[in-house]
Amino acid sequence: MHIPDGYLSPATCAVAFAAAAPVWYVASRKVKAKLHTKLVPLMAVVSAFSFVVMMFNLPLPGGTTGHAVGMGLAAIVLGPWAAVLSISTALLIQAVFFGDGGITAYGANAFNMAIVGTFVSYWVYVLIAGRSAPTSPVRAVAAGISGYVGINVAAFFAALEFGIQPLLFVDATGAPLYAPYPLAIAVPAMMAGHLTIAGLAEAAIGAGLVRALQRYEPELLGAGTLSPSAPTRVWWQTRALWFGLAVFMILSPIGLIAGGTAWGEWSVEDLADPAARQDIARASGNVVPPATVPSGLKALDGLWNAPFPDYAPTFLDNKSVGYVLSAVMGSGLVLLVFLVVGALPGRRASTRLPD
Amino acid sequence: MADQRYGICGCGRGRRGALDSLVLGLVNAEAYALDAEATATRPGFLQSVDPRIKVLALVALIVATTATRSLVVLAALFVAAVALALISRIGPGRLARQVWVGVLIFSGIIVLPAIFLVPGTPIVHLPVVGWAITLQGLRSAAFVVGRAETAATLALLIVLTTPWPHVLKALASLGVPAAAVAVLGMTYRYVFVLIEAARHMMEARRSRIVAPLDGRERRRMLMTAIGMLLAKTFALGSDVHAAMIARGYRGEVRLLHDFHTRPPDWVFLAIALAVPALILGLQP
Amino acid sequence: MTATAFQFDDVTFAYRTQRALEGVSLTIRSGERVALLGANGSGKSTLLRMMDALCFPASGTATAFAAPLTEAAFQDDATNYAFRRRVGLVFQNPDVQLFNPTVSDELAFGPLQLGWEKPKVRDAVDTVSARFGIAHLKDRPPHRLSGGEKKRVALASVLITEPDVLLLDEPTAALDPASRANLVGFLAREPGAGRTVVTATHDLDIVEDIADRAIVLAEGRVVADGPVLAVLHDVDLLRRTHLVFEHRHSHGGPPAGSHGHMHSSRQEG
C-alpha cells in the first residue's frame, strides 16, 4: 500500500499533503503538551517497532504470507494523535531511506495509513473494547478487528487515489499519465488483497500484540490509555472528525462526477471483456473482479449526485477544476473539523497518554 | 549482500521459508544501511553539496519527474539522474541492482495489464488470444515505469550521498521542529537496535528447530517473537526517557547544526528548481 | 568535615507490586568512591536511579546536597537543572544511553539541555572527545561502535558537563576483557580528585580499583557497609548475597581430583 513516486499526479500529491497538514498540525499541538513525558522516546520506539514489524511476513491460511503495518497498535498504545506522528515518522524513514513509498507520494501514504488508518483503527478498537478490563480477551479481539478495518479503509483510500488518476490526467493522445486504472479496477484490485491477505495479517498481529501487552505491559492498556468513560467520550468528541472524513470521502468523487466524467461506463466495458478481466485478475492476485461492481458503483453514482443536483453540471465543465474544488472543500472541512476538535479543552479532547 | 534493494515493501518477496526470509530481510536492511553510510562519506559531487541544498534540489527533480507530460523530458530527467549518480561515483551497476530491476518488476507487473486495458488506438494484436495493445496503454505504462524508475533513482541518490544525521540536520535547519527531528533520529537509531534484537531472536529460534514447522506453528512462533520484541520496545522507551531526563531533558529538544553553503551549492539548487518550473511552465 | 552528597533515611520503593528498596538508610559524603554491590534484583540499580532523581522514595526521606529528592521538588526547572548539572548517571545499556544520531550529537546533548551557549558546547565536544580518545568517532552513528567504544562515548557524554557526582550502573557489563581493563584503568584515575563516584556492580574484581567503600544490598536492604577490603574478605556475606558462588571443578589427572573455590559472577546475564 506504499504508493511509489510516479503513480499519483503532483496535484493529487499536493491535495494529499494539504489534507494531511492540518492533522499533523493538530497532532503536534496535542503532543507538544506531553513532550516532558516519555512520549518522545515512546513515539520513536513505537515507530521503529512498526517499521521492524513490517518485515515479519506471517504465514496465513491458504499458503500465502502477509505483513502488518501495526498502525492499530500505535493508536492503542499512544492514542491516535501521537500515533499519527509515530506512523508518519516510520513512513518518512521508509520513503527516504528505504524507498518504500515515494517522496512526492509521502503525503498520500501518510494520509491513508498514518491518519485514516490510525483513526479508523483507534475508533473501532475503542468501540469494541468499550469498558472491558485491560486484560480481557475482548481487547485482543478488538485490536484484531480494528487492525483489519483500519488497513482496509486505508487501502480503500489508496485505491481511490489511484482510481481517479486516469480520469483527470491524460496526455494529448488520451494515454493516462499516472496510475492507469480507473476506480472500477483500482478499487476491487486493491481491496481483494487487503480484505484477505494484508487484512488478516494486520488482524493477527494486532490481536497477538495486545495479548503480548496484556502479559508484559498491562498498564499501557489500562487506565493509562483508556479511562473507564473514555470509549464513549472519545467517540463523542471525535464524531465531528468522522463525519468530516466521511464527507471528504464522498465529496472527492463528486468532484469527478461534477466534471462530467462517466467513470462507470469505462469500467463496464472493461469488466465485460473476458480478456481484460483475466488481466485484472492476474494483476490483483488471482481474484476475479466482480462483474457487478460497475452497476453498484453506478447506483452510488446516483446517490452521490442526489444531494447536489445543481452543483455538477452548471458551473463546472472543467473536470480538474471540479476535482480540485471538491478536494479543497473536503480538506477545508476536515481542517475545520480538526480545528474544532483541537479547540476543545485539551484535557478532554486528547486521549490519555502514558506519563 | 546480494539483495540490498531500495524500494518496495517486502510483501510476497521470494519463496523462502518465512523464517529464513525474515532473517535475510533483517540482515539485508542492516547491510543496506552500512553500505549507504559508506557511500555517503566517499568523495563525489553530490556528497560535497550542502545537505539542505541537496535535499531541496533532488526533491525538486523528483517533483519534475512526476510533473512532466512528455516522455522525452522524462527520459532526459532519467539521464540527468544517472549523470548525477556517475559524478557522485555511484555506478550504473549498483543503480540497476538497487533500484532499476526491483522497480521494473514491481511497476511492470502492475502496469502490464494496462497496455491492453487502456482504451485507445490498437497498434498490435497478440497472436492466438487476439488482445489489442493500445498506443495509449503503452504510453501510460511507459509513463508510470519511467517516472517510478527516475524518481526512485533520484531518491536513492539522497540516501547514498548524505549521511542520515545530515539529512536530519538539514531538516532541522529547513524549519522542521526540533522535536520531530529528534523523533526521526531516534526512530532510525532504534530501528537498528530492534532489527538486531529480532535477528538474534530469530537466529536462536532457528537453531533450535529440527523438523519443519507447519504454518500454524510458524505463525505462533513469529507472534511470540513479535510479542517479545514489543516488550523490549517499551522497556527501551522508558529507559531512554530516563536517560534523557538524566542529562537535563525537560521536554524541549535542542540541536547543534552548522552547515555552510558555498556558491556552487546555490547554482546547483537554482538549476534543480528551474527544471520543474520550466516543465510546469511550458506544459500546455 | 566534607559535605554530604546523599543522605537516605529509611527509604522504601516499589515497582508495581514488587518491592525494590526496603528501609534503606545511608550517607555518602562528597568525594567518596563507593561501590554498590548486590546480585541482580538486589535494588542497587533502583538506588542509583533514586540518587539521580529518576525515581523518588515512596516513604522515608532522601536528600542530595541537603536538598530533598522528591517529585514535587523536581517539578521546578531551576531545581532540576541545578541537580542535573551536579549529578550524572551512566546507564548500563549503551543502547539506552546513546540515543542520538551521532557521537558528537550525543556529547552535545547534555550541555545543550543544560542551556550552554553553542560555541561553548562545540569547544567542550572537541575537548572531551580528545580526552576520551573518541575524536575519530565523532560522525559515527552509535550502532557503528564497538562495545568498548560505546562505553567510552557514554562516559564522555556524561562527564562533558563535569558533574560533581558520577553514578555508574554496571560499567563493565558485556565488555570484552581488554575494553574492561581499559575502562577500569580509566575509572581508577580519570574521575579525579574531589568527584563523588558511586558504582553499582556485581563484578567484584573491579571493586578494589574503583571504590574505597562498599555497600552490599540484598533484597532491597543494606546488609553491609564498610571499607572495600573488609567487605570483599567477608566470604560468608558475599555467599549469602549471591555475589560469589562455590564452583567445583576438576583439574584433570592426579589424585587430588576436584576442589572447590569461590567465583564471582562477572557478566550480567
# chains A, B, ... in the order shown; residues from 1 in each chain; ligands from 1
$ closest_atom_pairs --of "chain A" --to "chain C" --cutoff "12 Å" --atoms "only C-alpha atoms" --output "JSON lines"
{"residue": "A:His36", "atom": "CA", "partner": "C:Gln75", "partner_atom": "CA", "distance": 10.6}
{"residue": "A:Val40", "atom": "CA", "partner": "C:Phe99", "partner_atom": "CA", "distance": 11.5}
{"residue": "A:Pro41", "atom": "CA", "partner": "C:Phe99", "partner_atom": "CA", "distance": 9.0}
{"residue": "A:Ala44", "atom": "CA", "partner": "C:Phe99", "partner_atom": "CA", "distance": 10.3}
{"residue": "A:Val45", "atom": "CA", "partner": "C:Phe99", "partner_atom": "CA", "distance": 10.8}
{"residue": "A:Glu217", "atom": "CA", "partner": "C:Arg16", "partner_atom": "CA", "distance": 11.0}
{"residue": "A:Pro218", "atom": "CA", "partner": "C:Arg16", "partner_atom": "CA", "distance": 11.0}
{"residue": "A:Glu219", "atom": "CA", "partner": "C:Arg16", "partner_atom": "CA", "distance": 9.8}
$ write_last_selection --atoms "N, CA and C atoms" --output "tab-separated table (two decimals), in the first residue's frame"
chain	number	residue	atom	x	y	z
A	36	HIS	N	7.23	16.63	27.87
A	36	HIS	CA	8.05	16.35	29.05
A	36	HIS	C	7.85	14.92	29.52
A	40	VAL	N	8.24	11.36	23.65
A	40	VAL	CA	9.19	11.45	22.54
A	40	VAL	C	9.91	10.12	22.32
A	41	PRO	N	10.56	9.57	23.34
A	41	PRO	CA	11.18	8.27	23.10
A	41	PRO	C	10.17	7.17	22.79
A	44	ALA	N	9.22	7.33	19.23
A	44	ALA	CA	10.34	6.86	18.41
A	44	ALA	C	10.41	5.33	18.42
A	45	VAL	N	10.33	4.72	19.60
A	45	VAL	CA	10.47	3.27	19.62
A	45	VAL	C	9.25	2.59	19.01
A	217	GLU	N	2.94	-5.57	29.58
A	217	GLU	CA	2.77	-4.15	29.93
A	217	GLU	C	1.30	-3.81	30.08
A	218	PRO	N	0.61	-4.48	31.01
A	218	PRO	CA	-0.85	-4.26	31.06
A	218	PRO	C	-1.22	-2.80	31.31
A	219	GLU	N	-0.35	-2.06	31.97
A	219	GLU	CA	-0.76	-0.68	32.30
A	219	GLU	C	-0.90	0.19	31.04
$ atom_distance --atom1 "atom CA of Gly6 of chain A" --atom2 "atom CA of Ala154 of chain A"
19.5 Å
$ closest_atom_pairs --of "chain B" --to "chain C" --cutoff "10 Å" --atoms "only C-alpha atoms" --output "JSON lines"
{"residue": "B:Leu34", "atom": "CA", "partner": "C:Arg144", "partner_atom": "CA", "distance": 8.5}
{"residue": "B:Glu37", "atom": "CA", "partner": "C:Arg140", "partner_atom": "CA", "distance": 9.3}
{"residue": "B:Pro163", "atom": "CA", "partner": "C:Asp139", "partner_atom": "CA", "distance": 9.1}
{"residue": "B:Trp164", "atom": "CA", "partner": "C:Pro101", "partner_atom": "CA", "distance": 8.0}
{"residue": "B:Pro165", "atom": "CA", "partner": "C:Pro101", "partner_atom": "CA", "distance": 5.7}
{"residue": "B:His166", "atom": "CA", "partner": "C:Pro101", "partner_atom": "CA", "distance": 9.4}
{"residue": "B:Leu168", "atom": "CA", "partner": "C:Pro101", "partner_atom": "CA", "distance": 8.6}
{"residue": "B:Lys169", "atom": "CA", "partner": "C:Pro101", "partner_atom": "CA", "distance": 10.0}
{"residue": "B:Ala182", "atom": "CA", "partner": "C:Asn100", "partner_atom": "CA", "distance": 8.0}
{"residue": "B:Val183", "atom": "CA", "partner": "C:Asn100", "partner_atom": "CA", "distance": 9.9}
{"residue": "B:Leu184", "atom": "CA", "partner": "C:Pro101", "partner_atom": "CA", "distance": 9.4}
{"residue": "B:Gly185", "atom": "CA", "partner": "C:Pro101", "partner_atom": "CA", "distance": 5.7}
{"residue": "B:Met186", "atom": "CA", "partner": "C:Phe99", "partner_atom": "CA", "distance": 6.1}
{"residue": "B:Thr187", "atom": "CA", "partner": "C:Phe99", "partner_atom": "CA", "distance": 9.4}
{"residue": "B:Tyr188", "atom": "CA", "partner": "C:Pro101", "partner_atom": "CA", "distance": 8.0}
{"residue": "B:Arg189", "atom": "CA", "partner": "C:Pro101", "partner_atom": "CA", "distance": 6.5}
{"residue": "B:Tyr190", "atom": "CA", "partner": "C:Phe99", "partner_atom": "CA", "distance": 8.1}
{"residue": "B:Phe192", "atom": "CA", "partner": "C:His143", "partner_atom": "CA", "distance": 7.3}
{"residue": "B:Val193", "atom": "CA", "partner": "C:Asp95", "partner_atom": "CA", "distance": 7.3}
{"residue": "B:Glu196", "atom": "CA", "partner": "C:His143", "partner_atom": "CA", "distance": 10.0}
{"residue": "B:Ala235", "atom": "CA", "partner": "C:Val96", "partner_atom": "CA", "distance": 9.6}
{"residue": "B:Leu236", "atom": "CA", "partner": "C:Val96", "partner_atom": "CA", "distance": 6.6}
{"residue": "B:Gly237", "atom": "CA", "partner": "C:Val96", "partner_atom": "CA", "distance": 8.5}
{"residue": "B:Ser238", "atom": "CA", "partner": "C:Val96", "partner_atom": "CA", "distance": 9.2}
{"residue": "B:Asp239", "atom": "CA", "partner": "C:Val96", "partner_atom": "CA", "distance": 6.1}
{"residue": "B:Val240", "atom": "CA", "partner": "C:Val96", "partner_atom": "CA", "distance": 4.9}
{"residue": "B:His241", "atom": "CA", "partner": "C:Val96", "partner_atom": "CA", "distance": 8.6}
{"residue": "B:Ala242", "atom": "CA", "partner": "C:Leu54", "partner_atom": "CA", "distance": 6.4}
{"residue": "B:Ala243", "atom": "CA", "partner": "C:Gln97", "partner_atom": "CA", "distance": 5.8}
{"residue": "B:Met244", "atom": "CA", "partner": "C:Gln97", "partner_atom": "CA", "distance": 8.1}
{"residue": "B:Ile245", "atom": "CA", "partner": "C:Leu54", "partner_atom": "CA", "distance": 7.5}
{"residue": "B:Ala246", "atom": "CA", "partner": "C:Leu89", "partner_atom": "CA", "distance": 6.6}
{"residue": "B:Arg247", "atom": "CA", "partner": "C:Gly110", "partner_atom": "CA", "distance": 4.9}
{"residue": "B:Gly248", "atom": "CA", "partner": "C:Gln113", "partner_atom": "CA", "distance": 5.3}
{"residue": "B:Tyr249", "atom": "CA", "partner": "C:Gln113", "partner_atom": "CA", "distance": 5.8}
{"residue": "B:Arg250", "atom": "CA", "partner": "C:Gln113", "partner_atom": "CA", "distance": 7.9}
{"residue": "B:Gly251", "atom": "CA", "partner": "C:Gln113", "partner_atom": "CA", "distance": 9.7}
{"residue": "B:Glu252", "atom": "CA", "partner": "C:Gln113", "partner_atom": "CA", "distance": 7.9}
{"residue": "B:Val253", "atom": "CA", "partner": "C:Gln113", "partner_atom": "CA", "distance": 7.5}
{"residue": "B:Arg254", "atom": "CA", "partner": "C:Leu112", "partner_atom": "CA", "distance": 6.1}
{"residue": "B:Leu255", "atom": "CA", "partner": "C:Leu112", "partner_atom": "CA", "distance": 7.4}
{"residue": "B:Leu256", "atom": "CA", "partner": "C:Asp105", "partner_atom": "CA", "distance": 7.2}
{"residue": "B:His257", "atom": "CA", "partner": "C:Asp105", "partner_atom": "CA", "distance": 9.1}
$ write_last_selection --atoms "C-alpha atoms" --output "short mmCIF file (atom, residue, chain, number, x, y, z; two decimals), in the first residue's frame"
data_model
loop_
_atom_site.label_atom_id
_atom_site.label_comp_id
_atom_site.auth_asym_id
_atom_site.auth_seq_id
_atom_site.Cartn_x
_atom_site.Cartn_y
_atom_site.Cartn_z
CA LEU B 34 26.00 0.15 6.33
CA GLU B 37 26.69 5.12 5.14
CA PRO B 163 24.77 10.50 5.90
CA TRP B 164 21.46 10.13 7.73
CA PRO B 165 22.45 12.54 10.54
CA HIS B 166 22.99 15.19 7.85
CA LEU B 168 18.18 15.17 9.96
CA LYS B 169 20.16 18.35 10.43
CA ALA B 182 14.60 14.14 17.38
CA VAL B 183 11.86 11.54 16.96
CA LEU B 184 13.05 10.84 13.41
CA GLY B 185 16.61 10.44 14.60
CA MET B 186 15.67 8.21 17.49
CA THR B 187 13.39 6.12 15.30
CA TYR B 188 16.21 5.46 12.89
CA ARG B 189 18.52 4.68 15.79
CA TYR B 190 16.12 2.20 17.37
CA PHE B 192 18.62 -0.88 14.13
CA VAL B 193 18.52 -1.84 17.79
CA GLU B 196 19.34 -6.62 15.79
CA ALA B 235 11.35 -1.18 28.07
CA LEU B 236 13.62 0.74 25.71
CA GLY B 237 11.16 3.62 25.55
CA SER B 238 11.04 4.03 29.33
CA ASP B 239 14.79 3.65 29.79
CA VAL B 240 15.66 6.07 27.01
CA HIS B 241 13.35 8.59 28.59
CA ALA B 242 15.17 8.17 31.91
CA ALA B 243 18.49 8.62 30.12
CA MET B 244 17.25 11.82 28.51
CA ILE B 245 15.98 13.21 31.82
CA ALA B 246 19.24 12.28 33.49
CA ARG B 247 21.00 14.65 31.11
CA GLY B 248 18.64 17.54 31.63
CA TYR B 249 15.79 16.89 29.16
CA ARG B 250 12.66 18.80 30.17
CA GLY B 251 10.50 18.50 27.08
CA GLU B 252 12.46 20.77 24.79
CA VAL B 253 14.84 19.32 22.23
CA ARG B 254 17.88 21.38 21.28
CA LEU B 255 20.08 20.56 18.33
CA LEU B 256 23.50 21.58 17.15
CA HIS B 257 23.94 22.05 13.45
#
$ residues_around --residues "Met51 of chain C" --least-positions-apart "6" --cutoff "9 Å" --atoms "only C-alpha atoms" --output "PyMOL selection string"
chain C and resi 6+62-64+69+87+167
$ atom_distance --atom1 "atom CA of Ser28 of chain A" --atom2 "atom CA of Leu221 of chain A"
22.7 Å
$ residues_around --residues "Leu86 of chain B" --least-positions-apart "4" --cutoff "10 Å" --atoms "only C-alpha atoms" --output "JSON, numbers by chain"
{"B": [44, 45, 46, 80, 81, 82, 90, 91, 92]}
